[in-house]
Amino acid sequence: MSATPAYEVVIVPAVGQPAREELRQQCYDVRIDVFHREQGFPLDTEIDEYDEEATHILLRLLPSLKPVGTIRCVKLKDYYKLTRLAVLKGYRQHRFGRVLVQSLHDYVRAHAKASGDALGGPATVKLVAHSQIPVKGFYGEEFDEDGAPHQKMVARLPLSD
């Protein structure tokens with residue numbers, strides 16, 4: 001395995017903030033490359049009703065700022081949902097998926113503390129993900145989502161340090 005290239009993780013600014021659209025488009029570009037071009041999912045399912053309000057996280061190489069990974073967090077009524085984790089094929093050996101998941105966990109903890117959301121029980125926050133079966137080992141009932149087998153996974157993140 002080659003050395004991990006320098007990178008940065010960027011939380012895309014909230015709705016109405018400067019640079020949101022440009023950075024969110026970079027997230028979309030990575031997702032389209034992975035889910036549509038590589039995995040064959042229909043393009044019209046890639047952007048959905050959650051994208052406008054979701055928190056997007058982008059991983060870019062330094063110093064080029066080339067986007068190579070993204071993940072999305074959706075705040076629902078009783079939990080946060082991790083969705084749309086994608087890393088370009090040529091960069092997966094660097095474990096950027098783990099970096100993105102950890103960044104999302106950190107974001108969820110901070111957001112839950114700041115907003116007083118103890119979703120999932122006292123001093124915890126509930127995070128749900130639907131993983132494609134080939135990558136379920138990344139986290140842990142199998143079901144079909146967008147024509148591909150998935151497994152639901154739930155994590156309860158402690159809000160204390």
# chains A, B, ... in the order shown; residues from 1 in each chain; ligands from 1
$ select_by_dssp --residues "stretch 31-133 of chain A" --states "alpha helix (DSSP H)" --output "number ranges by chain"
A: 31, 96-115
$ closest_atom_pairs --of "stretch 88-129 of chain A" --to "stretch 65-80 of chain A" --cutoff "8 Å" --atoms "only C-alpha atoms" --output "JSON lines"
{"residue": "A:Leu88", "atom": "CA", "partner": "A:Val68", "partner_atom": "CA", "distance": 5.4}
{"residue": "A:Tyr91", "atom": "CA", "partner": "A:Val68", "partner_atom": "CA", "distance": 7.0}
{"residue": "A:Phe96", "atom": "CA", "partner": "A:Gly69", "partner_atom": "CA", "distance": 7.0}
{"residue": "A:Gly97", "atom": "CA", "partner": "A:Gly69", "partner_atom": "CA", "distance": 7.4}
{"residue": "A:Leu100", "atom": "CA", "partner": "A:Ile71", "partner_atom": "CA", "distance": 6.4}
{"residue": "A:Val101", "atom": "CA", "partner": "A:Ile71", "partner_atom": "CA", "distance": 7.4}
{"residue": "A:Leu104", "atom": "CA", "partner": "A:Cys73", "partner_atom": "CA", "distance": 7.1}
{"residue": "A:Val108", "atom": "CA", "partner": "A:Tyr80", "partner_atom": "CA", "distance": 7.4}
{"residue": "A:Leu119", "atom": "CA", "partner": "A:Tyr79", "partner_atom": "CA", "distance": 5.7}
{"residue": "A:Gly120", "atom": "CA", "partner": "A:Tyr79", "partner_atom": "CA", "distance": 7.1}
{"residue": "A:Val125", "atom": "CA", "partner": "A:Tyr79", "partner_atom": "CA", "distance": 7.1}
{"residue": "A:Lys126", "atom": "CA", "partner": "A:Tyr79", "partner_atom": "CA", "distance": 5.1}
{"residue": "A:Leu127", "atom": "CA", "partner": "A:Tyr80", "partner_atom": "CA", "distance": 4.8}
{"residue": "A:Val128", "atom": "CA", "partner": "A:Tyr80", "partner_atom": "CA", "distance": 6.3}
$ atom_distance --atom1 "atom CA of A:Leu159" --atom2 "atom CA of A:Ala54"
20.9 Å
$ residues_around --residues "A:Arg31" --least-positions-apart "2" --cutoff "9 Å" --atoms "only C-alpha atoms" --output "list in words"
Gln26, Cys27, Tyr28, Asp29, Asp33, Val34, Phe35, His36, Glu46, Gly69, Thr70, Ile71, Arg84, Leu85, Ala86, Val87 and Leu88 of chain A
$ atom_distance --atom1 "atom CA of A:Ala6" --atom2 "atom CA of A:Leu23"
18.6 Å
$ select_by_dssp --residues "stretch 38-140 of chain A" --states "strand (DSSP E or B)" --output "ChimeraX atom specification"
/A:55-61,67-75,80-87,124-132
$ atom_distance --atom1 "atom CA of A:Val9" --atom2 "atom CA of A:Ser103"
7.7 Å
